[in-house]
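File shown: entry01.tsv (TSV, C-alpha atoms).
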```tsv
chain	number	residue	atom	x	y	z
A	1	MET	CA	0.75	-28.93	5.87
A	2	GLY	CA	3.92	-27.93	7.61
A	3	CYS	CA	5.52	-31.07	6.27
A	4	LEU	CA	5.24	-29.61	2.83
A	5	LEU	CA	7.76	-27.03	3.82
A	6	GLY	CA	10.25	-29.83	4.09
A	7	LEU	CA	10.02	-30.11	0.37
A	8	VAL	CA	11.95	-26.88	0.07
A	9	LEU	CA	15.04	-28.91	0.81
A	10	LEU	CA	15.27	-30.08	-2.70
A	11	ALA	CA	18.78	-30.54	-3.85
A	12	ALA	CA	17.92	-30.63	-7.52
A	13	CYS	CA	16.18	-27.30	-7.74
A	14	GLN	CA	17.58	-24.92	-10.28
A	15	THR	CA	16.62	-21.65	-11.76
A	16	THR	CA	15.17	-22.42	-15.15
A	17	ARG	CA	12.85	-20.74	-17.58
A	18	PRO	CA	9.27	-21.67	-16.73
A	19	LEU	CA	7.59	-24.27	-18.86
A	20	PRO	CA	5.03	-22.69	-21.17
A	21	PRO	CA	1.37	-22.84	-20.18
A	22	VAL	CA	-0.31	-26.05	-21.22
A	23	ASN	CA	-3.17	-26.09	-23.68
A	24	LEU	CA	-5.17	-29.11	-22.59
A	25	GLY	CA	-7.57	-28.49	-25.44
A	26	ALA	CA	-4.87	-29.20	-27.99
A	27	PRO	CA	-4.84	-32.55	-29.77
A	28	GLY	CA	-2.93	-35.35	-28.09
A	29	TRP	CA	-3.75	-34.71	-24.46
A	30	THR	CA	-5.44	-37.42	-22.41
A	31	LEU	CA	-7.25	-35.99	-19.39
A	32	ARG	CA	-8.26	-37.89	-16.31
A	33	HIS	CA	-10.24	-36.41	-13.43
A	34	GLY	CA	-10.57	-37.97	-10.02
A	35	GLN	CA	-9.82	-37.64	-6.35
A	36	ALA	CA	-6.95	-38.72	-4.18
A	37	VAL	CA	-5.55	-38.78	-0.69
A	38	TRP	CA	-2.04	-37.42	-0.29
A	39	HIS	CA	-0.14	-38.85	2.64
A	40	VAL	CA	2.79	-36.50	3.04
A	41	PRO	CA	6.24	-37.90	3.80
A	42	GLN	CA	7.59	-38.55	7.28
A	43	GLY	CA	4.32	-37.98	9.05
A	44	LYS	CA	0.72	-38.89	9.57
A	45	THR	CA	-0.77	-35.95	7.73
A	46	GLU	CA	-3.18	-36.89	4.98
A	47	ILE	CA	-5.20	-34.57	2.87
A	48	ALA	CA	-7.80	-35.36	0.25
A	49	GLY	CA	-8.55	-33.43	-2.89
A	50	GLU	CA	-9.40	-33.43	-6.54
A	51	VAL	CA	-6.88	-34.64	-9.11
A	52	LEU	CA	-6.51	-33.67	-12.72
A	53	LEU	CA	-3.95	-35.67	-14.65
A	54	ALA	CA	-3.14	-34.85	-18.26
A	55	THR	CA	-0.60	-36.71	-20.33
A	56	ARG	CA	0.68	-36.75	-23.89
A	57	ALA	CA	2.46	-39.41	-25.83
A	58	ASP	CA	5.48	-37.13	-26.27
A	59	GLY	CA	6.11	-37.18	-22.52
A	60	GLU	CA	4.52	-33.91	-21.54
A	61	ALA	CA	2.42	-34.16	-18.40
A	62	TYR	CA	0.38	-31.97	-16.12
A	63	ALA	CA	-0.97	-32.89	-12.69
A	64	GLN	CA	-3.04	-30.73	-10.43
A	65	PHE	CA	-4.23	-31.38	-6.88
A	66	THR	CA	-6.88	-29.08	-5.50
A	67	LYS	CA	-8.93	-28.98	-2.35
A	68	ALA	CA	-12.43	-27.57	-2.58
A	69	ALA	CA	-11.11	-25.77	-5.68
A	70	LEU	CA	-8.14	-24.32	-3.81
A	71	PRO	CA	-4.99	-25.33	-5.68
A	72	LEU	CA	-2.51	-27.24	-3.52
A	73	VAL	CA	-0.08	-28.71	-6.05
A	74	ILE	CA	0.55	-28.06	-9.73
A	75	ALA	CA	3.14	-30.36	-11.30
A	76	GLN	CA	4.21	-30.01	-14.90
A	77	SER	CA	6.82	-31.85	-16.88
A	78	ALA	CA	8.20	-32.06	-20.39
A	79	PRO	CA	10.96	-34.27	-21.68
A	80	GLY	CA	14.02	-33.39	-19.61
A	81	ARG	CA	12.31	-30.68	-17.60
A	82	TRP	CA	9.98	-30.42	-14.65
A	83	GLU	CA	8.44	-27.86	-12.36
A	84	VAL	CA	6.10	-27.93	-9.42
A	85	THR	CA	4.21	-25.24	-7.56
A	86	PHE	CA	2.73	-25.34	-4.07
A	87	PRO	CA	0.39	-22.33	-4.12
A	88	PRO	CA	-0.50	-22.35	-0.40
A	89	GLN	CA	3.18	-21.99	0.44
A	90	ASN	CA	3.80	-19.75	-2.57
A	91	LYS	CA	6.68	-22.08	-3.50
A	92	HIS	CA	7.84	-22.95	-6.97
A	93	TYR	CA	10.57	-25.39	-7.94
A	94	ALA	CA	11.91	-26.33	-11.34
A	95	GLY	CA	14.75	-28.31	-12.76
A	96	ARG	CA	16.15	-30.40	-15.56
A	97	GLY	CA	16.55	-34.13	-15.85
A	98	ALA	CA	14.75	-36.62	-13.70
A	99	PRO	CA	12.47	-35.07	-11.07
A	100	PRO	CA	13.64	-35.32	-7.45
A	101	GLN	CA	12.22	-38.39	-5.76
A	102	ARG	CA	10.84	-36.16	-3.02
A	103	LEU	CA	8.33	-34.78	-5.51
A	104	LEU	CA	5.94	-37.68	-5.78
A	105	TRP	CA	3.43	-35.69	-7.82
A	106	LEU	CA	5.83	-35.46	-10.73
A	107	TYR	CA	5.92	-39.26	-10.92
A	108	LEU	CA	2.17	-39.78	-11.02
A	109	PRO	CA	1.86	-39.32	-14.82
A	110	ARG	CA	4.68	-41.78	-15.40
A	111	ALA	CA	3.18	-44.30	-12.98
A	112	ALA	CA	-0.29	-43.99	-14.47
A	113	ALA	CA	1.18	-44.57	-17.93
A	114	GLY	CA	2.96	-47.71	-16.78
A	115	GLY	CA	6.39	-46.13	-17.00
A	116	SER	CA	9.43	-46.92	-14.91
A	117	LEU	CA	9.60	-45.65	-11.36
A	118	PRO	CA	12.45	-45.27	-8.87
A	119	LYS	CA	13.60	-48.50	-7.33
A	120	SER	CA	11.37	-49.84	-4.53
A	121	TRP	CA	8.50	-47.52	-5.36
A	122	LEU	CA	5.08	-49.15	-5.50
A	123	TRP	CA	2.31	-48.66	-7.99
A	124	ARG	CA	-0.95	-50.50	-8.22
A	125	SER	CA	-3.99	-49.77	-10.29
A	126	ASP	CA	-7.22	-51.70	-10.52
A	127	ALA	CA	-10.92	-51.11	-10.89
A	128	ARG	CA	-11.15	-49.64	-7.40
A	129	GLY	CA	-8.43	-47.09	-7.86
A	130	TRP	CA	-4.69	-46.58	-7.80
A	131	LYS	CA	-1.88	-46.00	-5.36
A	132	LEU	CA	1.62	-44.63	-5.81
A	133	GLU	CA	3.93	-45.00	-2.84
A	134	ASN	CA	7.49	-44.28	-1.91
A	135	PRO	CA	8.02	-46.76	0.94
A	136	ALA	CA	11.26	-45.12	1.97
A	137	THR	CA	9.48	-41.96	3.08
A	138	GLY	CA	6.00	-43.31	3.63
A	139	GLU	CA	4.62	-40.76	1.18
A	140	PHE	CA	1.81	-41.96	-1.01
A	141	LEU	CA	-0.99	-40.86	-3.29
A	142	GLU	CA	-4.08	-43.01	-3.35
A	143	GLY	CA	-7.16	-42.29	-5.39
A	144	TYR	CA	-9.30	-42.97	-8.38
A	145	PHE	CA	-9.99	-41.54	-11.78
A	146	ASP	CA	-13.47	-41.21	-13.17
A	147	SER	CA	-14.10	-43.84	-15.75
B	1	MET	CA	-22.26	3.62	-18.27
B	2	LYS	CA	-19.44	2.43	-16.10
B	3	THR	CA	-18.57	4.37	-13.01
B	4	THR	CA	-15.58	3.67	-10.88
B	5	SER	CA	-14.96	5.15	-7.49
B	6	LYS	CA	-11.41	5.28	-6.35
B	7	THR	CA	-10.78	4.56	-2.75
B	8	THR	CA	-10.17	7.58	-0.58
B	9	PRO	CA	-7.36	7.46	1.97
B	10	LYS	CA	-8.72	8.19	5.39
B	11	ARG	CA	-6.00	6.92	7.63
B	12	GLU	CA	-2.49	5.68	7.50
B	13	GLY	CA	-1.95	1.93	7.41
B	14	ALA	CA	0.42	-0.01	9.58
B	15	TRP	CA	3.71	-0.76	7.83
B	16	ARG	CA	5.75	-3.80	8.63
B	17	PRO	CA	9.23	-3.37	7.22
B	18	ARG	CA	10.11	-7.02	7.62
B	19	ILE	CA	7.58	-8.53	5.31
B	20	GLY	CA	9.17	-7.64	2.02
B	21	ILE	CA	8.58	-5.35	-0.85
B	22	ALA	CA	5.59	-7.17	-2.27
B	23	MET	CA	3.75	-7.14	1.00
B	24	LEU	CA	4.64	-3.52	1.53
B	25	ALA	CA	3.14	-2.66	-1.81
B	26	TRP	CA	0.04	-4.54	-0.86
B	27	ALA	CA	-0.09	-2.88	2.54
B	28	ALA	CA	-0.01	0.48	0.81
B	29	LEU	CA	-3.00	-0.50	-1.29
B	30	ALA	CA	-4.82	-1.78	1.74
B	31	ALA	CA	-4.07	1.38	3.68
B	32	ASN	CA	-5.50	3.44	0.87
B	33	ALA	CA	-8.58	1.30	0.87
B	34	ALA	CA	-9.23	1.26	4.59
B	35	GLY	CA	-12.28	3.15	5.68
B	36	VAL	CA	-13.58	3.72	2.13
B	37	GLU	CA	-17.21	4.71	1.82
B	38	LEU	CA	-19.26	2.28	-0.20
B	39	ASN	CA	-21.18	3.58	-3.18
B	40	ARG	CA	-24.96	3.60	-3.28
B	41	ALA	CA	-25.24	0.34	-5.21
B	42	ALA	CA	-23.02	-1.56	-2.80
B	43	THR	CA	-24.77	-0.08	0.20
B	44	ALA	CA	-28.15	-1.07	-1.21
B	45	TRP	CA	-26.92	-4.58	-1.97
B	46	LEU	CA	-25.60	-5.00	1.55
B	47	ALA	CA	-28.80	-3.59	3.04
B	48	ALA	CA	-30.79	-6.15	1.05
B	49	GLN	CA	-28.76	-8.96	2.57
B	50	THR	CA	-30.63	-8.51	5.84
B	51	ASN	CA	-33.71	-9.85	4.03
B	52	LEU	CA	-31.83	-12.94	2.98
B	53	GLN	CA	-32.36	-15.78	5.41
B	54	THR	CA	-31.69	-18.67	3.08
B	55	TRP	CA	-30.53	-18.89	-0.50
B	56	SER	CA	-29.60	-21.55	-2.99
B	57	ALA	CA	-28.29	-21.55	-6.52
B	58	ASP	CA	-26.55	-23.59	-9.15
B	59	PHE	CA	-23.09	-22.44	-10.01
B	60	VAL	CA	-20.56	-22.75	-12.76
B	61	GLN	CA	-17.09	-22.77	-11.35
B	62	THR	CA	-14.31	-21.51	-13.59
B	63	ARG	CA	-10.71	-21.90	-12.53
B	64	THR	CA	-7.97	-20.05	-14.35
B	65	PHE	CA	-4.34	-20.99	-13.89
B	66	LYS	CA	-1.13	-19.45	-15.15
B	67	SER	CA	0.00	-22.94	-16.09
B	68	LEU	CA	-2.98	-23.55	-18.37
B	69	THR	CA	-3.96	-21.61	-21.47
B	70	GLN	CA	-7.63	-22.39	-20.98
B	71	PRO	CA	-9.74	-22.35	-17.83
B	72	LEU	CA	-11.22	-25.44	-16.22
B	73	THR	CA	-14.92	-25.50	-15.48
B	74	ALA	CA	-17.15	-27.50	-13.19
B	75	THR	CA	-20.70	-27.19	-11.94
B	76	GLY	CA	-22.41	-27.59	-8.62
B	77	HIS	CA	-24.97	-26.28	-6.18
B	78	VAL	CA	-24.73	-24.07	-3.12
B	79	TRP	CA	-27.07	-23.49	-0.20
B	80	PHE	CA	-26.72	-20.72	2.34
B	81	ALA	CA	-28.51	-20.00	5.62
B	82	ALA	CA	-27.94	-16.91	7.69
B	83	PRO	CA	-25.87	-16.02	9.47
B	84	ASN	CA	-23.02	-18.16	8.21
B	85	ARG	CA	-24.03	-21.70	7.28
B	86	PHE	CA	-23.33	-22.92	3.80
B	87	ARG	CA	-23.07	-26.08	1.84
B	88	TRP	CA	-21.23	-26.34	-1.46
B	89	GLU	CA	-21.58	-29.42	-3.61
B	90	LEU	CA	-19.22	-29.79	-6.52
B	91	GLY	CA	-20.20	-32.15	-9.30
B	92	HIS	CA	-23.36	-34.06	-10.18
B	93	PRO	CA	-23.61	-36.28	-8.22
B	94	ALA	CA	-21.62	-34.41	-5.63
B	95	GLN	CA	-18.01	-35.51	-5.49
B	96	THR	CA	-16.91	-32.91	-2.96
B	97	ILE	CA	-19.15	-31.38	-0.32
B	98	ALA	CA	-18.10	-28.47	1.87
B	99	VAL	CA	-20.32	-27.72	4.84
B	100	ARG	CA	-19.78	-24.93	7.29
B	101	GLU	CA	-21.00	-25.89	10.72
B	102	ALA	CA	-20.92	-23.61	13.74
B	103	ASP	CA	-17.29	-24.13	14.62
B	104	GLU	CA	-15.82	-26.21	11.86
B	105	LEU	CA	-15.75	-26.70	8.15
B	106	LEU	CA	-16.40	-30.22	6.91
B	107	ILE	CA	-15.14	-31.35	3.56
B	108	ILE	CA	-16.73	-34.61	2.56
B	109	TYR	CA	-15.54	-36.93	-0.19
B	110	PRO	CA	-18.27	-39.54	-0.65
B	111	ARG	CA	-16.33	-41.69	-3.08
B	112	LEU	CA	-13.25	-41.67	-0.88
B	113	LYS	CA	-15.50	-42.28	2.16
B	114	ARG	CA	-13.64	-39.56	3.98
B	115	VAL	CA	-14.54	-36.46	5.96
B	116	GLU	CA	-12.05	-33.80	6.85
B	117	HIS	CA	-12.73	-31.48	9.78
B	118	PHE	CA	-11.21	-28.00	9.74
B	119	PRO	CA	-11.79	-26.08	12.96
B	120	LEU	CA	-12.84	-22.49	12.46
B	121	ALA	CA	-11.94	-21.42	15.97
B	122	GLY	CA	-8.90	-21.72	18.15
B	123	GLY	CA	-5.27	-21.49	17.32
B	124	GLN	CA	-4.99	-24.76	15.45
B	125	ALA	CA	-6.32	-23.70	12.13
B	126	GLY	CA	-3.97	-20.94	11.11
B	127	ARG	CA	-4.12	-19.67	7.59
B	128	TRP	CA	-6.05	-22.68	6.35
B	129	ARG	CA	-8.92	-21.69	8.55
B	130	ASP	CA	-8.82	-18.21	7.08
B	131	ALA	CA	-8.60	-19.43	3.53
B	132	LEU	CA	-11.32	-22.03	3.81
B	133	ALA	CA	-13.56	-19.59	5.62
B	134	LEU	CA	-13.32	-17.44	2.52
B	135	LEU	CA	-15.70	-19.89	0.91
B	136	GLU	CA	-18.23	-17.69	2.65
B	137	ALA	CA	-17.26	-14.80	0.43
B	138	GLY	CA	-20.33	-13.28	-1.09
B	139	PHE	CA	-22.53	-13.72	1.95
B	140	PRO	CA	-21.86	-10.72	4.18
B	141	ARG	CA	-24.75	-9.86	6.45
B	142	SER	CA	-24.07	-6.17	6.71
B	143	GLN	CA	-21.72	-3.40	5.72
B	144	ALA	CA	-20.15	-3.58	9.17
B	145	GLU	CA	-19.56	-7.30	8.81
B	146	LEU	CA	-18.08	-6.91	5.37
B	147	GLN	CA	-15.77	-4.12	6.43
B	148	ALA	CA	-14.74	-6.04	9.53
B	149	GLN	CA	-13.39	-8.82	7.33
B	150	TYR	CA	-12.29	-6.99	4.21
B	151	ASP	CA	-10.78	-3.78	2.97
B	152	VAL	CA	-12.60	-2.38	-0.01
B	153	ILE	CA	-10.14	-1.93	-2.86
B	154	SER	CA	-12.52	-0.69	-5.53
B	155	GLN	CA	-16.18	-0.58	-6.42
B	156	THR	CA	-17.78	-0.23	-9.81
B	157	VAL	CA	-21.22	-0.06	-11.33
B	158	ASP	CA	-21.74	-0.96	-14.98
B	159	GLY	CA	-25.37	-0.95	-16.00
B	160	SER	CA	-27.13	-3.39	-13.69
B	161	THR	CA	-23.90	-4.98	-12.52
B	162	GLY	CA	-22.21	-3.87	-9.35
B	163	GLU	CA	-18.78	-5.08	-8.42
B	164	LEU	CA	-16.84	-4.89	-5.19
B	165	THR	CA	-13.17	-5.72	-5.02
B	166	LEU	CA	-12.03	-6.67	-1.55
B	167	ALA	CA	-8.87	-7.68	0.27
B	168	PRO	CA	-9.06	-9.88	3.37
B	169	LYS	CA	-7.98	-8.04	6.48
B	170	SER	CA	-6.45	-11.21	7.87
B	171	ALA	CA	-2.81	-11.20	6.83
B	172	SER	CA	-2.69	-14.97	6.62
B	173	ALA	CA	-5.76	-15.16	4.40
B	174	ARG	CA	-4.41	-12.33	2.28
B	175	ARG	CA	-1.18	-14.18	1.68
B	176	MET	CA	-3.15	-17.00	0.12
B	177	MET	CA	-5.94	-14.97	-1.43
B	178	PRO	CA	-5.05	-11.31	-1.84
B	179	ARG	CA	-8.19	-10.24	-3.65
B	180	ILE	CA	-11.86	-11.14	-3.85
B	181	GLN	CA	-14.47	-9.74	-6.20
B	182	ILE	CA	-18.18	-9.84	-5.56
B	183	VAL	CA	-20.51	-9.23	-8.49
B	184	PHE	CA	-24.13	-8.40	-7.77
B	185	ASP	CA	-27.26	-7.24	-9.55
B	186	THR	CA	-28.02	-3.61	-8.72
B	187	ARG	CA	-31.71	-4.07	-9.53
B	188	ASP	CA	-32.73	-7.09	-7.48
B	189	HIS	CA	-29.60	-7.18	-5.30
B	190	SER	CA	-28.92	-10.82	-6.08
B	191	LEU	CA	-25.45	-12.28	-5.98
B	192	ARG	CA	-24.23	-12.99	-9.49
B	193	ALA	CA	-20.67	-14.14	-8.98
B	194	THR	CA	-17.68	-14.31	-6.71
B	195	GLU	CA	-14.12	-14.31	-7.93
B	196	LEU	CA	-11.24	-15.33	-5.69
B	197	HIS	CA	-7.75	-14.30	-6.75
B	198	PHE	CA	-4.98	-16.43	-5.29
B	199	ALA	CA	-1.43	-15.39	-4.62
B	200	ASP	CA	-0.09	-17.67	-7.36
B	201	GLY	CA	-2.15	-15.84	-9.95
B	202	SER	CA	-4.89	-18.44	-10.26
B	203	ILE	CA	-8.50	-17.30	-10.18
B	204	LEU	CA	-11.58	-19.14	-8.97
B	205	ARG	CA	-14.85	-17.72	-10.22
B	206	ASN	CA	-18.31	-18.94	-9.30
B	207	ASP	CA	-21.15	-17.70	-11.50
B	208	PHE	CA	-24.49	-18.32	-9.84
B	209	GLN	CA	-27.54	-19.38	-11.80
B	210	SER	CA	-31.19	-20.05	-10.98
B	211	PRO	CA	-30.95	-18.52	-7.52
B	212	VAL	CA	-33.79	-19.03	-5.07
B	213	LEU	CA	-34.29	-16.49	-2.31
B	214	ASN	CA	-35.38	-17.71	1.10
B	215	PRO	CA	-36.23	-21.32	0.22
B	216	LYS	CA	-37.11	-23.69	3.02
B	217	LEU	CA	-33.97	-25.64	3.74
B	218	GLU	CA	-33.70	-28.77	5.81
B	219	GLU	CA	-31.42	-28.38	8.78
B	220	SER	CA	-29.77	-31.65	7.81
B	221	LEU	CA	-28.19	-29.88	4.86
B	222	PHE	CA	-25.89	-28.15	7.29
B	223	HIS	CA	-25.52	-31.09	9.67
B	224	PRO	CA	-24.83	-33.95	7.34
B	225	GLU	CA	-25.04	-37.43	8.73
B	226	ILE	CA	-21.70	-39.09	8.24
B	227	PRO	CA	-21.92	-42.79	7.42
B	228	ALA	CA	-20.20	-45.05	9.92
B	229	ASP	CA	-17.73	-46.37	7.37
B	230	TYR	CA	-16.36	-42.92	6.56
B	231	LYS	CA	-12.93	-42.01	7.83
B	232	ASN	CA	-12.91	-38.84	9.94
B	233	LEU	CA	-9.74	-36.81	9.84
B	234	GLU	CA	-8.41	-33.51	11.10
B	235	PRO	CA	-5.65	-32.59	8.67
B	236	LEU	CA	-4.69	-29.52	10.68
B	237	LYS	CA	-4.32	-31.34	13.96
B	238	GLY	CA	-0.84	-30.78	15.26
B	239	GLN	CA	-0.09	-28.12	12.67
B	240	PRO	CA	1.31	-24.83	13.91
```
Starting from the file, give its structure as structure tokens.
Amino acid sequence: MGCLLGLVLLAACQTTRPLPPVNLGAPGWTLRHGQAVWHVPQGKTEIAGEVLLATRADGEAYAQFTKAALPLVIAQSAPGRWEVTFPPQNKHYAGRGAPPQRLLWLYLPRAAAGGSLPKSWLWRSDARGWKLENPATGEFLEGYFDS
Amino acid sequence: MKTTSKTTPKREGAWRPRIGIAMLAWAALAANAAGVELNRAATAWLAAQTNLQTWSADFVQTRTFKSLTQPLTATGHVWFAAPNRFRWELGHPAQTIAVREADELLIIYPRLKRVEHFPLAGGQAGRWRDALALLEAGFPRSQAELQAQYDVISQTVDGSTGELTLAPKSASARRMMPRIQIVFDTRDHSLRATELHFADGSILRNDFQSPVLNPKLEESLFHPEIPADYKNLEPLKGQP
């Protein structure tokens, strides 16, 4: 997971007020549970885990990647704001505007909703599962959601 | 009636000035806890563990996150065989299976057709080894074993419920998981719950239900046969 530490080199990170905790029980949230493989950028490391993806029509989104219940990534976004936490590294990043392209997890809600992605990024989704990939770095997420 | 025993300082802890204020504060707590004498309920619970050869139970897993206003829950089943084998299955049918073998932890994802191998020995594993090994929390074989792995931070008894709050001695495990609580029944000495507190403030609690003491368990539970079409991976390979 050392590659994750490379994510600290995020140019867009700013000090911002944390997004409020999400109430996934509130009306309007669509929750999807599944599993995925995360192939980290610039390397061969892959790690599998459980995915929770929650989205709202107003653009709010919440994605969580855990391994055997240990949280690895928590990505949260609201219109114009984003933040991501890597608990194993005790790292937290937040910013305004479009998320950095090095934070693939923040783009999963948009991809799953059929939204626009950075140029050259790949997204496929079919009955077998889905895959989000940034070919420039080799990073990808590949998994499925329970039907 | 709830009784709480404060830990009694018995020796000075080792201070490491370079690790920052937060870690220093934690080190102070740990130093205070080191060498604490366990209360009668905890001692009796630990003594009873020597009679436990195998164990299985259903569990309700509750995860609490700072980023969510409400916890997430899941269910599963766990099997344990002394001295240190376990198998956790999360979901029905199992979507994630964690099996501790003699020298590695396997995490199996049947739907992804993938098995990840995490060595539990050698220098490769680092803090992941420590953290994943904490899945064993709740199954100490003796007081000596428990106190070899953990500092006792506090211990309480409330009616028939005993509670031990522990801190991993391993610095790397502690960085990820600074605190663990074990909840047990003071009457029959059964394990009721474990609660793992992570450094980011999230909490993972397993409440055990329908426990069975010393069931006959097939050895294959702890040596799962991996189908030929599964991908075997070692995520930690090459990691510092």
Show me, as an NGL selection string, the residues that have an atom within 7 Å of Arg100 of chain B when counting all atoms listed in the file, minus same-chain residues fewer than 4 positions from it. :B and (85-87 or 104-106 or 222)
Using only C-alpha atoms, which protein or nucleic acid residues come within 8 Å of Glu195 of chain B? Drop anything in the same chain fewer than 3 positions from it, and give the result as JSON, numbers by chain. {"B": [180, 181, 182, 203, 204, 205, 206]}
Residues of chain A within 8 Å of chain B, using only C-alpha atoms, as a VMD selection string? chain A and resid 1 to 2 20 to 25 35 to 36 45 to 48 68 to 69 87 to 88 90 143
Expected file contents, prior selection, C-alpha atoms, as a JSON list (two decimals), keeping the file's coordinate frame:
```json
[["chain", "number", "residue", "atom", "x", "y", "z"],
["A", 1, "MET", "CA", 0.75, -28.93, 5.87],
["A", 2, "GLY", "CA", 3.92, -27.93, 7.61],
["A", 20, "PRO", "CA", 5.03, -22.69, -21.17],
["A", 21, "PRO", "CA", 1.37, -22.84, -20.18],
["A", 22, "VAL", "CA", -0.31, -26.05, -21.22],
["A", 23, "ASN", "CA", -3.17, -26.09, -23.68],
["A", 24, "LEU", "CA", -5.17, -29.11, -22.59],
["A", 25, "GLY", "CA", -7.57, -28.49, -25.44],
["A", 35, "GLN", "CA", -9.82, -37.64, -6.35],
["A", 36, "ALA", "CA", -6.95, -38.72, -4.18],
["A", 45, "THR", "CA", -0.77, -35.95, 7.73],
["A", 46, "GLU", "CA", -3.18, -36.89, 4.98],
["A", 47, "ILE", "CA", -5.20, -34.57, 2.87],
["A", 48, "ALA", "CA", -7.80, -35.36, 0.25],
["A", 68, "ALA", "CA", -12.43, -27.57, -2.58],
["A", 69, "ALA", "CA", -11.11, -25.77, -5.68],
["A", 87, "PRO", "CA", 0.39, -22.33, -4.12],
["A", 88, "PRO", "CA", -0.50, -22.35, -0.40],
["A", 90, "ASN", "CA", 3.80, -19.75, -2.57],
["A", 143, "GLY", "CA", -7.16, -42.29, -5.39]]
```
Just the number, please: distance in Å from atom CA of Asp58 of chain B to atom CA of Val73 of chain A, one decimal.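 Taking atom CA of Asp58 of chain B and atom CA of Val73 of chain A, their separation equals 27.1 Å.
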Test item: residues at most 9 Å from Gly162 of chain B, only C-alpha atoms, excluding those fewer than 3 positions along its chain, as a PDB file with C-alpha atoms, keeping the file's coordinate frame:
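Generated output (selection35.pdb):
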```
ATOM      1  CA  ALA B  41     -25.240   0.340  -5.210  1.00  0.00           C
ATOM      2  CA  ALA B  42     -23.020  -1.560  -2.800  1.00  0.00           C
ATOM      3  CA  TRP B  45     -26.920  -4.580  -1.970  1.00  0.00           C
ATOM      4  CA  GLN B 155     -16.180  -0.580  -6.420  1.00  0.00           C
ATOM      5  CA  THR B 156     -17.780  -0.230  -9.810  1.00  0.00           C
ATOM      6  CA  VAL B 157     -21.220  -0.060 -11.330  1.00  0.00           C
ATOM      7  CA  ASP B 158     -21.740  -0.960 -14.980  1.00  0.00           C
ATOM      8  CA  GLY B 159     -25.370  -0.950 -16.000  1.00  0.00           C
ATOM      9  CA  ILE B 182     -18.180  -9.840  -5.560  1.00  0.00           C
ATOM     10  CA  VAL B 183     -20.510  -9.230  -8.490  1.00  0.00           C
ATOM     11  CA  PHE B 184     -24.130  -8.400  -7.770  1.00  0.00           C
ATOM     12  CA  ASP B 185     -27.260  -7.240  -9.550  1.00  0.00           C
ATOM     13  CA  THR B 186     -28.020  -3.610  -8.720  1.00  0.00           C
TER      14      THR B 186
END
```
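Distance annotation: of A:Thr85, A:Gln64, A:Thr55, A:Asn134, the residue with the minimal separation from Pro109 of chain A is A:Thr55; atom set is all atoms listed in the file.
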For segment 112-119 of chain A, work out the shell of residues within 9 Å, counting all atoms listed in the file and skipping chain neighbours fewer than 2 positions away, then give it as a VMD selection string. chain A and resid 55 101 107 to 110 121 to 123 125 130 132 134
For a test of reading the model, state the distance in Å between atom CA of Val212 of chain B and atom CA of Ala193 of chain B, rounded to one decimal.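 Distance reported for this atom pair: 14.5 Å.
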Between atom CA of Pro227 of chain B and atom CA of Lys113 of chain B - distance in Å to one decimal: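 Distance between the two atoms: 8.3 Å.
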Residues near Arg17 of chain A, anyone? I mean within 12 Å using all atoms listed in the file, not counting same-chain ones fewer than 3 positions away, as a ChimeraX atom specification. /A:14,20-21,81-83,92-96
Smallest atom-to-atom distance to Thr137 of chain A: which of A:Ala111, A:Ala98, A:Leu104, A:Ala63, using all atoms listed in the file?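 For Thr137 of chain A, the nearest of the candidates is A:Leu104.
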Spatial sel., origin (-6.4, -35.6, -7.7), limit 6 Å, all atoms listed in the file, listed as an MDAnalysis selection string: chainID A and resid 34:36 49:52 65
Ranking A:Phe145, A:Ala78, A:Arg124, A:Val84 by minimum distance to Pro100 of chain A and counting all atoms listed in the file, which one comes first?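 Closest residue, counting all atoms listed in the file: A:Val84.
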